[in-house]
>>> print(open('final.txt').read())   # compact mmCIF, C-alpha atoms
# COMPACT_ATOMS: atom_id res chain seq x y z
CA MET U 120 39.16 37.90 12.88
CA ASN U 121 38.03 35.88 15.91
CA ILE U 122 34.38 36.16 16.94
CA VAL U 123 32.92 34.81 20.18
CA TYR U 124 29.15 34.32 20.26
CA VAL U 125 27.53 34.33 23.70
CA TYR U 126 24.22 32.53 23.22
CA ALA U 127 21.22 32.97 25.52
CA ASP U 128 18.80 30.21 24.47
CA SER U 129 18.30 27.20 26.70
CA LYS U 130 17.86 23.73 25.18
CA LEU U 131 14.10 23.92 25.76
CA GLU U 132 13.71 27.16 23.78
CA TRP U 133 16.49 26.66 21.23
CA ASN U 134 15.76 28.73 18.14
CA CYS U 135 17.17 32.27 18.04
CA ALA U 136 20.62 31.07 19.08
CA GLU U 137 20.66 28.78 16.07
CA TRP U 138 19.99 31.63 13.64
CA ARG U 139 21.98 34.39 15.33
CA CYS U 140 24.95 32.43 16.72
CA VAL U 141 25.37 28.83 15.51
CA ILE U 142 24.73 29.30 11.79
CA PRO U 143 27.01 32.36 11.39
CA ALA U 144 29.70 30.79 13.61
CA LYS U 145 29.86 27.68 11.41
CA ALA U 146 30.11 29.81 8.28
CA ILE U 147 32.89 31.92 9.78
CA GLN U 148 34.83 28.79 10.76
CA LYS U 149 34.41 27.44 7.26
CA THR U 150 36.27 30.38 5.73
CA GLY U 151 39.54 29.08 7.17
CA ARG U 152 40.74 32.68 7.45
CA ASN U 153 38.65 33.56 10.50
CA SER U 154 37.40 31.76 13.58
CA ALA U 155 34.28 31.71 15.73
CA GLU U 156 33.47 30.17 19.10
CA LEU U 157 30.27 29.63 21.07
CA ILE U 158 29.83 30.01 24.84
CA ASP U 159 26.64 30.04 26.89
CA ILE U 160 25.55 33.22 28.62
CA ALA U 161 25.72 31.70 32.12
CA SER U 162 29.43 30.98 31.60
CA PHE U 163 29.94 34.51 30.33
CA ALA U 164 28.06 36.06 33.27
CA THR U 165 30.03 34.06 35.87
CA ASN U 166 33.32 34.62 34.05
CA SER U 167 34.05 30.90 33.96
CA LYS U 168 37.45 29.61 32.86
CA GLU U 169 35.92 28.64 29.51
CA ALA U 170 34.56 32.16 29.03
CA GLN U 171 37.84 33.78 30.05
CA MET U 172 39.80 31.69 27.54
CA ALA U 173 37.35 32.37 24.71
CA CYS U 174 36.90 36.10 25.31
CA SER U 175 40.57 36.86 25.97
CA SER U 176 41.42 35.78 22.42
CA ALA U 177 38.39 37.37 20.77
CA ASP U 178 38.38 40.39 18.52
CA VAL U 179 34.61 40.78 18.79
CA ILE U 180 32.27 39.41 21.47
CA VAL U 181 28.62 39.13 20.37
CA VAL U 182 26.20 38.89 23.30
CA GLN U 183 22.72 37.58 22.56
CA ARG U 184 19.78 39.58 24.01
CA ASN U 185 20.16 39.05 27.81
CA LEU U 186 21.64 42.43 28.68
CA PHE U 187 20.91 42.41 32.40
CA GLY U 188 22.37 41.41 35.75
CA ALA U 189 25.96 40.16 35.79
CA VAL U 190 26.13 40.26 32.00
CA LEU U 191 26.37 44.06 32.19
CA SER U 192 29.41 43.83 34.47
CA MET U 193 31.08 41.39 32.09
CA ILE U 194 30.45 43.69 29.15
CA GLN U 195 32.28 46.45 31.04
CA ARG U 196 35.08 44.05 31.98
CA TRP U 197 35.82 43.05 28.39
CA LYS U 198 35.44 46.56 27.05
CA ALA U 199 38.12 47.61 29.54
CA ARG U 200 40.34 44.94 27.99
CA ASP U 201 39.92 46.46 24.53
CA LYS U 202 37.42 43.94 23.25
CA VAL U 203 34.70 45.05 20.88
CA VAL U 204 31.34 44.05 22.38
CA VAL U 205 28.23 43.81 20.21
CA ALA U 206 24.67 43.06 21.33
CA ASP U 207 22.47 40.95 19.11
CA PHE U 208 18.70 40.64 19.49
CA ASP U 209 15.71 39.86 17.31
CA ASP U 210 12.68 40.92 19.32
CA ALA U 211 10.85 44.17 20.10
CA TYR U 212 10.81 43.70 23.88
CA ASP U 213 9.41 47.20 24.40
CA LEU U 214 6.36 46.40 22.25
CA MET U 215 5.73 42.86 23.48
CA PRO U 216 2.00 42.09 23.92
CA PRO U 217 0.81 40.23 27.04
CA THR U 218 -0.02 37.16 24.91
CA VAL U 219 3.72 36.51 24.44
CA LYS U 220 4.98 33.97 26.95
CA SER U 221 8.04 36.02 27.98
CA TYR U 222 6.06 39.26 28.55
CA SER U 223 5.87 38.49 32.29
CA PHE U 224 9.66 38.35 32.44
CA TRP U 225 10.74 41.20 30.17
CA ILE U 226 8.12 43.75 31.15
CA GLU U 227 7.14 42.79 34.70
CA GLY U 228 10.42 41.23 35.85
CA ASN U 229 8.83 37.97 37.05
CA LEU U 230 11.50 35.27 37.19
CA PRO U 231 10.75 31.79 35.80
CA PRO U 232 10.67 28.99 38.41
CA GLU U 233 14.14 27.64 37.56
CA ALA U 234 15.72 31.09 38.04
CA GLU U 235 13.71 31.69 41.21
CA LYS U 236 15.19 28.53 42.76
CA LEU U 237 18.73 29.66 42.01
CA THR U 238 18.36 33.27 43.19
CA ASN U 239 15.68 32.95 45.90
CA GLU U 240 14.10 35.99 44.26
CA LYS U 241 10.75 36.24 42.52
CA LYS U 242 11.37 39.44 40.61
CA MET U 243 14.19 41.13 38.77
CA VAL U 244 14.52 44.75 39.86
CA PRO U 245 14.75 46.87 37.75
CA PRO U 246 12.92 44.71 35.17
CA PRO U 247 14.88 43.22 32.27
CA LEU U 248 13.68 45.79 29.72
CA THR U 249 15.11 48.65 31.79
CA GLN U 250 18.44 46.87 32.20
CA PHE U 251 18.43 45.94 28.50
CA LYS U 252 18.36 49.64 27.65
CA TRP U 253 21.32 50.22 30.01
CA GLY U 254 23.14 47.40 28.24
CA LEU U 255 22.61 48.92 24.82
CA ARG U 256 24.31 52.08 26.04
CA LEU U 257 27.26 50.00 27.25
CA VAL U 258 27.97 47.96 24.11
CA HIS U 259 29.79 49.35 21.11
CA ALA U 260 26.98 48.43 18.68
CA ALA U 261 24.02 46.11 18.12
CA THR U 262 22.95 43.86 15.27
CA MET U 263 19.43 42.67 14.49
CA PRO U 264 17.56 40.90 11.63
CA SER U 265 14.98 43.67 11.22
CA LYS U 266 15.44 47.07 9.59
CA VAL U 267 12.62 48.43 11.75
CA LEU U 268 14.33 47.23 14.96
CA ALA U 269 17.58 48.83 13.80
CA GLU U 270 15.80 52.15 13.42
CA ASP U 271 13.99 51.80 16.76
CA TRP U 272 17.14 51.45 18.85
CA ARG U 273 19.47 53.82 17.00
CA ALA U 274 19.25 56.37 19.83
CA TYR U 275 20.82 53.89 22.26
CA THR U 276 23.76 52.56 20.24
CA GLU U 277 25.08 52.08 16.70
CA THR U 278 22.70 49.62 15.02
CA TYR U 279 23.28 47.34 12.04
CA TYR U 280 20.78 45.32 10.04
CA LEU U 281 22.10 41.76 9.81
CA PRO U 282 19.58 39.34 8.26
CA ASN U 283 19.03 35.75 9.29
CA TYR U 284 20.89 33.84 6.61
CA LEU U 285 20.08 30.26 5.67
CA ASP U 286 22.13 27.12 6.08
CA THR U 287 20.74 25.89 2.77
CA GLU U 288 22.26 22.40 2.97
CA ARG U 289 19.80 21.53 5.73
CA TYR U 290 16.84 22.05 3.43
CA LEU U 291 18.02 20.83 0.06
CA ASN U 292 18.10 17.19 1.16
CA TYR U 293 14.30 17.17 1.53
CA SER U 294 11.79 16.69 -1.27
CA PRO U 295 8.08 17.13 -0.61
CA THR U 296 6.82 14.27 1.59
CA PRO U 297 3.93 12.41 -0.09
CA HIS U 298 0.54 12.77 1.61
CA ASP U 299 -3.13 12.93 0.78
CA GLY U 300 -4.74 16.22 -0.17
CA ILE U 301 -3.37 19.70 0.49
CA ILE U 302 -1.71 20.71 3.76
CA ILE U 303 -1.69 24.40 4.70
CA GLY U 304 1.08 24.81 7.26
CA TRP U 305 2.51 27.15 9.86
CA GLY U 306 5.15 26.76 12.54
CA GLY U 307 6.29 29.13 15.25
CA SER U 308 7.17 29.90 18.84
CA LEU U 309 4.95 30.90 21.76
CA SER U 310 4.73 34.49 20.58
CA HIS U 311 2.38 34.31 17.61
CA LEU U 312 -1.09 33.86 19.06
CA GLN U 313 -1.88 37.52 18.47
CA SER U 314 -0.64 37.18 14.88
CA PHE U 315 -3.42 34.69 14.17
CA ARG U 316 -6.13 36.45 16.16
CA ASP U 317 -5.59 39.99 14.90
CA SER U 318 -4.70 39.31 11.26
CA GLY U 319 -8.11 37.95 10.29
CA LEU U 320 -6.54 34.66 9.20
CA MET U 321 -8.21 32.44 11.79
CA PRO U 322 -11.86 32.72 10.63
CA ALA U 323 -10.73 32.68 6.99
CA LEU U 324 -8.93 29.37 7.54
CA VAL U 325 -11.99 27.83 9.16
CA LYS U 326 -14.27 28.90 6.27
CA VAL U 327 -11.93 27.76 3.51
CA ILE U 328 -10.89 24.44 5.04
CA ASN U 329 -14.45 23.50 6.02
CA SER U 330 -15.61 24.17 2.47
CA ARG U 331 -13.12 21.73 0.91
CA GLN U 332 -12.78 17.99 1.32
CA ASN U 333 -9.07 17.59 0.63
CA VAL U 334 -7.52 20.44 2.67
CA ARG U 335 -6.05 20.23 6.18
CA LEU U 336 -4.24 22.65 8.49
CA MET U 337 -0.93 21.77 10.16
CA ILE U 338 0.14 23.86 13.16
CA CYS U 339 3.66 23.32 14.49
CA GLY U 340 5.10 24.51 17.78
CA ASP U 341 2.50 26.53 19.69
CA PRO U 342 -0.43 24.40 20.98
CA ARG U 343 -2.35 27.57 21.87
CA VAL U 344 -2.64 28.45 18.19
CA TYR U 345 -3.76 24.92 17.36
CA GLU U 346 -6.38 24.87 20.11
CA SER U 347 -7.75 28.29 19.24
CA ILE U 348 -8.67 27.35 15.67
CA PRO U 349 -12.16 25.75 15.71
CA LEU U 350 -11.66 22.96 13.21
CA GLU U 351 -12.51 19.27 13.67
CA GLU U 352 -9.58 17.02 14.57
CA GLY U 353 -9.58 15.43 11.11
CA LYS U 354 -9.17 18.87 9.56
CA LYS U 355 -6.19 19.96 11.62
CA ILE U 356 -2.88 18.41 12.68
CA PHE U 357 -0.60 19.40 15.54
CA GLN U 358 3.16 18.91 15.37
CA LYS U 359 5.12 19.56 18.55
CA TRP U 360 8.33 21.57 18.54
CA VAL U 361 11.32 19.86 16.94
CA PRO U 362 15.01 20.88 16.99
CA PRO U 363 16.18 23.10 14.09
CA LEU U 364 17.91 20.26 12.27
CA GLU U 365 14.63 18.33 12.12
CA TRP U 366 12.51 21.29 11.03
CA PRO U 367 13.11 20.94 7.24
CA ARG U 368 11.61 17.42 7.40
CA ILE U 369 8.42 18.88 8.91
CA LEU U 370 8.36 21.68 6.34
CA SER U 371 8.45 19.08 3.58
CA TYR U 372 4.79 18.26 4.42
CA PHE U 373 3.61 21.81 3.68
CA ASP U 374 1.91 22.48 0.35
CA ILE U 375 1.09 26.09 1.27
CA GLY U 376 2.95 28.14 3.90
CA LEU U 377 1.35 30.80 6.08
CA ALA U 378 3.02 33.85 7.62
CA PRO U 379 0.43 35.97 9.46
CA LEU U 380 1.67 39.00 11.39
CA ALA U 381 -0.29 41.75 13.12
CA GLY U 382 0.66 44.91 15.01
CA GLU U 383 3.82 46.85 15.72
CA TYR U 384 5.48 44.01 17.65
CA ASP U 385 5.18 41.72 14.64
CA ASN U 386 6.46 44.43 12.28
CA ARG U 387 9.87 43.87 13.87
CA ARG U 388 10.05 40.15 12.98
CA SER U 389 12.72 38.76 10.67
CA TRP U 390 12.04 37.36 7.21
CA ILE U 391 13.03 33.80 8.06
CA LYS U 392 9.63 32.07 8.03
CA VAL U 393 8.92 33.17 4.46
CA MET U 394 12.52 32.62 3.38
CA GLU U 395 12.32 28.97 4.48
CA TYR U 396 9.16 28.49 2.41
CA MET U 397 10.94 29.94 -0.61
CA LEU U 398 13.94 27.66 -0.17
CA MET U 399 11.64 24.62 0.05
CA LYS U 400 9.69 25.82 -3.05
CA ILE U 401 6.50 26.17 -0.99
CA PRO U 402 3.95 28.74 -2.22
CA TRP U 403 3.19 31.16 0.61
CA ILE U 404 0.72 33.76 1.82
CA ALA U 405 1.85 36.43 4.28
CA SER U 406 0.53 39.57 5.91
CA ASP U 407 1.46 42.69 3.98
CA CYS U 408 3.76 44.22 6.59
CA LYS U 409 7.20 45.77 7.07
CA ALA U 410 8.80 42.48 8.09
CA TYR U 411 8.32 41.01 4.60
CA THR U 412 8.63 44.10 2.41
CA ASP U 413 11.77 42.85 0.64
CA LEU U 414 10.04 39.59 -0.29
CA ARG U 415 6.96 41.11 -1.90
CA PRO U 416 7.84 39.96 -5.46
CA TYR U 417 8.14 36.31 -4.43
CA GLY U 418 4.77 35.36 -2.96
CA LEU U 419 1.26 36.44 -2.09
CA MET U 420 0.91 39.24 0.47
CA VAL U 421 -2.47 40.36 1.83
CA LYS U 422 -3.78 43.28 3.83
CA ASN U 423 -4.96 41.91 7.17
CA ALA U 424 -8.69 41.25 6.98
CA GLU U 425 -10.73 38.06 7.03
CA GLU U 426 -12.07 38.54 3.49
CA ASN U 427 -8.57 39.15 2.07
CA TRP U 428 -7.17 36.00 3.64
CA GLU U 429 -10.19 34.02 2.47
CA PHE U 430 -9.76 35.24 -1.11
CA ALA U 431 -6.00 34.55 -1.11
CA LEU U 432 -6.37 31.05 0.33
CA SER U 433 -9.15 30.16 -2.11
CA ASP U 434 -7.21 31.51 -5.08
CA MET U 435 -4.04 29.61 -4.16
CA LEU U 436 -6.00 26.38 -3.68
CA ASP U 437 -7.89 26.83 -6.96
CA ARG U 438 -4.71 27.57 -8.91
CA TYR U 439 -2.29 25.55 -6.84
CA VAL U 440 -0.41 24.04 -9.80
CA ASP U 441 0.44 27.53 -11.09
CA TYR U 442 1.54 28.81 -7.68
CA LYS U 443 3.66 25.71 -7.08
CA TYR U 444 5.39 26.15 -10.44
CA GLU U 445 6.14 29.80 -9.70
CA ALA U 446 7.56 28.90 -6.27
CA GLY U 447 10.28 26.84 -7.96
CA GLY U 448 11.49 29.83 -9.99
CA GLU U 449 12.50 33.31 -8.81
CA PRO U 450 11.51 32.80 -5.13
CA TYR U 451 13.71 29.72 -4.88
CA LEU U 452 16.65 31.40 -6.61
CA TYR U 453 16.40 34.43 -4.32
CA ALA U 454 16.38 32.17 -1.24
CA ILE U 455 19.44 30.27 -2.49
CA GLY U 456 21.21 33.63 -2.66
CA GLN U 457 20.64 34.11 1.07
CA ASP U 458 22.84 31.16 1.99
CA VAL U 459 25.03 32.02 4.98
CA ASN U 460 28.22 30.86 3.26
CA GLU U 461 27.50 33.18 0.35
CA ASN U 462 27.03 36.10 2.76
CA VAL U 463 29.70 35.41 5.39
CA ASP U 464 31.82 38.30 4.11
CA ARG U 465 28.90 40.65 4.80
CA ILE U 466 28.65 39.35 8.37
CA LEU U 467 32.37 39.81 8.93
CA GLY U 468 32.24 43.17 7.17
CA ILE U 469 29.77 44.49 9.73
CA TYR U 470 31.99 43.36 12.61
CA SER U 471 35.03 44.93 10.91
CA THR U 472 33.16 48.21 10.46
CA ILE U 473 32.22 48.27 14.15
CA GLN U 474 35.77 47.41 15.18
CA ARG U 475 37.22 50.14 12.96
CA LYS U 476 34.86 52.75 14.39
CA VAL U 477 35.68 51.73 17.97
CA PHE U 478 39.43 52.05 17.55
CA SER U 479 39.31 55.19 15.42
CA ASN U 480 37.56 57.17 18.17
>>> encode(input="final.txt", output="structure tokens")
Amino acid sequence: MNIVYVYADSKLEWNCAEWRCVIPAKAIQKTGRNSAELIDIASFATNSKEAQMACSSADVIVVQRNLFGAVLSMIQRWKARDKVVVADFDDAYDLMPPTVKSYSFWIEGNLPPEAEKLTNEKKMVPPPLTQFKWGLRLVHAATMPSKVLAEDWRAYTETYYLPNYLDTERYLNYSPTPHDGIIIGWGGSLSHLQSFRDSGLMPALVKVINSRQNVRLMICGDPRVYESIPLEEGKKIFQKWVPPLEWPRILSYFDIGLAPLAGEYDNRRSWIKVMEYMLMKIPWIASDCKAYTDLRPYGLMVKNAEENWEFALSDMLDRYVDYKYEAGGEPYLYAIGQDVNENVDRILGIYSTIQRKVFSN
């Protein structure tokens, strides 16, 4: 089977494409029995020579998230040529809160400056979310790393839960990096400010960290989260965004990992943040929510409220040696089992199922 992944991330926002396109493509190539290729969505939309060559030999074309504009025409073009076309997305665009950076684009249709220069337009009409729904009706099926998302969009197309699997080799080369005291860490994109504000974690962090001499907070990625937490500079550390291959090195500084989520938008997240903690043997505390239901046995989950976060943080700090020991057991073994190479047959099995349904109709 030959899979072509059409990735939508730019270099400046590179994250989802790594999980949903690059990592599975490498695993598929590694099988030796199947092949996978990557093309950028601009090439796909303009039907470049590169895109034509890749798609003409594909069995399945997986298009990442940007189901609007010329991409819709290209989906129709390749369907007419008997190609199976699958959408892949990992976000609840219809539930996106205004605090998310891309809300202005998806919901209101406001084009970013770079796109405005190319198109001489300020708005996309109809807005991307409307066109995204059209696109879901065009494709043969959609895959997503959230069971809740799969249920949400079932009325528009066939949906399949396909988790974010780990490229475990990237992480296993890193042992904990020596440092003073305890570092409580979190890293994420520009879509988690509400997760911190509405979960009750923020005031709990301030209370717990201010009450202890040897504990610091490390925030990676979103400066808005860092700036919104009222701790003295010596009590908090900011780490700017790094490419995915460098991320395990940053994770190696974490002694405790955080995974706050809040609201229906966050309920549609994938499990990857917690799964990375487990693979790095980092004890973790997460919001008790649908996104992490399957991982409940492997860490500490709390109902969102300031007092619950405060209790959980204090308990983990007081009994850190015990939590650290437990993190190296069942949680680590479960995470190892989510290696992409161990699950590549499941990925290909989903594409085969979609292909079989398409050609049996």
>>> residues_around(input="final.txt", residues="Glu461 of chain U", least_positions_apart="3", cutoff="12 Å", atoms="all atoms listed in the file", output="VMD selection string")
chain U and resid 143 146 to 147 149 to 150 284 to 287 454 to 458 464 to 467
>>> closest_residue(input="final.txt", among="U:Trp390, U:Trp360, U:Trp197, U:Tyr372", to="Ser265 of chain U", atoms="all atoms listed in the file")
U:Trp390
>>> closest_residue(input="final.txt", among="U:Val421, U:Ala127, U:Leu398, U:Ala173", to="Ala378 of chain U", atoms="all atoms listed in the file")
U:Val421
>>> axis_aligned_box(input="final.txt", around="segment 452-468 of chain U", padding_each_side="4 Å", output="JSON")
{"center_x": 24.4, "center_y": 36.7, "center_z": 1.2, "size_x": 24.0, "size_y": 20.9, "size_z": 23.5}
>>> closest_residue(input="final.txt", among="U:Pro264, U:Gly447, U:Pro297, U:Gly254", to="Asp210 of chain U", atoms="all atoms listed in the file")
U:Pro264
>>> decode(input="final.txt", residues="segment 385-409 of chain U", atoms="N, CA and C atoms", output="PDB file, in the first residue's frame")
ATOM      1  N   ASP U 385     -11.031  21.277  25.086  1.00  0.00           N
ATOM      2  CA  ASP U 385      -9.919  20.471  25.587  1.00  0.00           C
ATOM      3  C   ASP U 385     -10.256  18.991  25.685  1.00  0.00           C
ATOM      4  N   ASN U 386     -11.526  18.660  25.860  1.00  0.00           N
ATOM      5  CA  ASN U 386     -11.917  17.253  25.940  1.00  0.00           C
ATOM      6  C   ASN U 386     -11.599  16.486  24.660  1.00  0.00           C
ATOM      7  N   ARG U 387     -11.355  17.220  23.583  1.00  0.00           N
ATOM      8  CA  ARG U 387     -11.052  16.594  22.291  1.00  0.00           C
ATOM      9  C   ARG U 387      -9.555  16.549  22.004  1.00  0.00           C
ATOM     10  N   ARG U 388      -8.708  16.795  22.993  1.00  0.00           N
ATOM     11  CA  ARG U 388      -7.259  16.700  22.819  1.00  0.00           C
ATOM     12  C   ARG U 388      -6.835  15.233  22.680  1.00  0.00           C
ATOM     13  N   SER U 389      -5.608  15.038  22.218  1.00  0.00           N
ATOM     14  CA  SER U 389      -5.050  13.686  22.176  1.00  0.00           C
ATOM     15  C   SER U 389      -4.351  13.396  23.500  1.00  0.00           C
ATOM     16  N   TRP U 390      -3.864  12.200  23.640  1.00  0.00           N
ATOM     17  CA  TRP U 390      -3.219  11.769  24.886  1.00  0.00           C
ATOM     18  C   TRP U 390      -1.721  12.048  24.918  1.00  0.00           C
ATOM     19  N   ILE U 391      -1.187  12.716  23.908  1.00  0.00           N
ATOM     20  CA  ILE U 391       0.253  12.695  23.697  1.00  0.00           C
ATOM     21  C   ILE U 391       1.057  13.338  24.813  1.00  0.00           C
ATOM     22  N   LYS U 392       0.564  14.420  25.415  1.00  0.00           N
ATOM     23  CA  LYS U 392       1.346  15.097  26.458  1.00  0.00           C
ATOM     24  C   LYS U 392       1.638  14.139  27.618  1.00  0.00           C
ATOM     25  N   VAL U 393       0.604  13.453  28.072  1.00  0.00           N
ATOM     26  CA  VAL U 393       0.773  12.505  29.173  1.00  0.00           C
ATOM     27  C   VAL U 393       1.588  11.297  28.728  1.00  0.00           C
ATOM     28  N   MET U 394       1.375  10.843  27.505  1.00  0.00           N
ATOM     29  CA  MET U 394       2.117   9.682  27.020  1.00  0.00           C
ATOM     30  C   MET U 394       3.623   9.952  26.979  1.00  0.00           C
ATOM     31  N   GLU U 395       4.009  11.176  26.620  1.00  0.00           N
ATOM     32  CA  GLU U 395       5.430  11.529  26.623  1.00  0.00           C
ATOM     33  C   GLU U 395       5.997  11.496  28.039  1.00  0.00           C
ATOM     34  N   TYR U 396       5.242  11.998  29.008  1.00  0.00           N
ATOM     35  CA  TYR U 396       5.700  11.916  30.401  1.00  0.00           C
ATOM     36  C   TYR U 396       5.948  10.459  30.789  1.00  0.00           C
ATOM     37  N   MET U 397       5.010   9.595  30.426  1.00  0.00           N
ATOM     38  CA  MET U 397       5.124   8.189  30.799  1.00  0.00           C
ATOM     39  C   MET U 397       6.358   7.548  30.173  1.00  0.00           C
ATOM     40  N   LEU U 398       6.618   7.883  28.927  1.00  0.00           N
ATOM     41  CA  LEU U 398       7.779   7.308  28.245  1.00  0.00           C
ATOM     42  C   LEU U 398       9.093   7.790  28.861  1.00  0.00           C
ATOM     43  N   MET U 399       9.090   9.013  29.387  1.00  0.00           N
ATOM     44  CA  MET U 399      10.288   9.572  30.023  1.00  0.00           C
ATOM     45  C   MET U 399      10.332   9.275  31.529  1.00  0.00           C
ATOM     46  N   LYS U 400       9.393   8.449  32.010  1.00  0.00           N
ATOM     47  CA  LYS U 400       9.321   8.047  33.419  1.00  0.00           C
ATOM     48  C   LYS U 400       9.143   9.259  34.346  1.00  0.00           C
ATOM     49  N   ILE U 401       8.340  10.220  33.883  1.00  0.00           N
ATOM     50  CA  ILE U 401       8.072  11.430  34.656  1.00  0.00           C
ATOM     51  C   ILE U 401       6.718  11.286  35.352  1.00  0.00           C
ATOM     52  N   PRO U 402       6.648  11.363  36.663  1.00  0.00           N
ATOM     53  CA  PRO U 402       5.344  11.357  37.339  1.00  0.00           C
ATOM     54  C   PRO U 402       4.512  12.545  36.867  1.00  0.00           C
ATOM     55  N   TRP U 403       3.201  12.334  36.701  1.00  0.00           N
ATOM     56  CA  TRP U 403       2.387  13.400  36.122  1.00  0.00           C
ATOM     57  C   TRP U 403       1.066  13.584  36.858  1.00  0.00           C
ATOM     58  N   ILE U 404       0.551  14.811  36.713  1.00  0.00           N
ATOM     59  CA  ILE U 404      -0.775  15.160  37.242  1.00  0.00           C
ATOM     60  C   ILE U 404      -1.563  15.768  36.098  1.00  0.00           C
ATOM     61  N   ALA U 405      -2.770  15.262  35.861  1.00  0.00           N
ATOM     62  CA  ALA U 405      -3.595  15.739  34.752  1.00  0.00           C
ATOM     63  C   ALA U 405      -5.020  15.994  35.207  1.00  0.00           C
ATOM     64  N   SER U 406      -5.711  16.820  34.455  1.00  0.00           N
ATOM     65  CA  SER U 406      -7.143  17.016  34.687  1.00  0.00           C
ATOM     66  C   SER U 406      -7.882  15.717  34.402  1.00  0.00           C
ATOM     67  N   ASP U 407      -8.837  15.405  35.234  1.00  0.00           N
ATOM     68  CA  ASP U 407      -9.673  14.224  35.038  1.00  0.00           C
ATOM     69  C   ASP U 407     -10.681  14.548  33.933  1.00  0.00           C
ATOM     70  N   CYS U 408     -10.374  14.144  32.711  1.00  0.00           N
ATOM     71  CA  CYS U 408     -11.212  14.507  31.566  1.00  0.00           C
ATOM     72  C   CYS U 408     -11.191  13.390  30.529  1.00  0.00           C
ATOM     73  N   LYS U 409     -12.047  13.527  29.519  1.00  0.00           N
ATOM     74  CA  LYS U 409     -12.196  12.476  28.515  1.00  0.00           C
ATOM     75  C   LYS U 409     -10.926  12.235  27.723  1.00  0.00           C
TER      76      LYS U 409
END
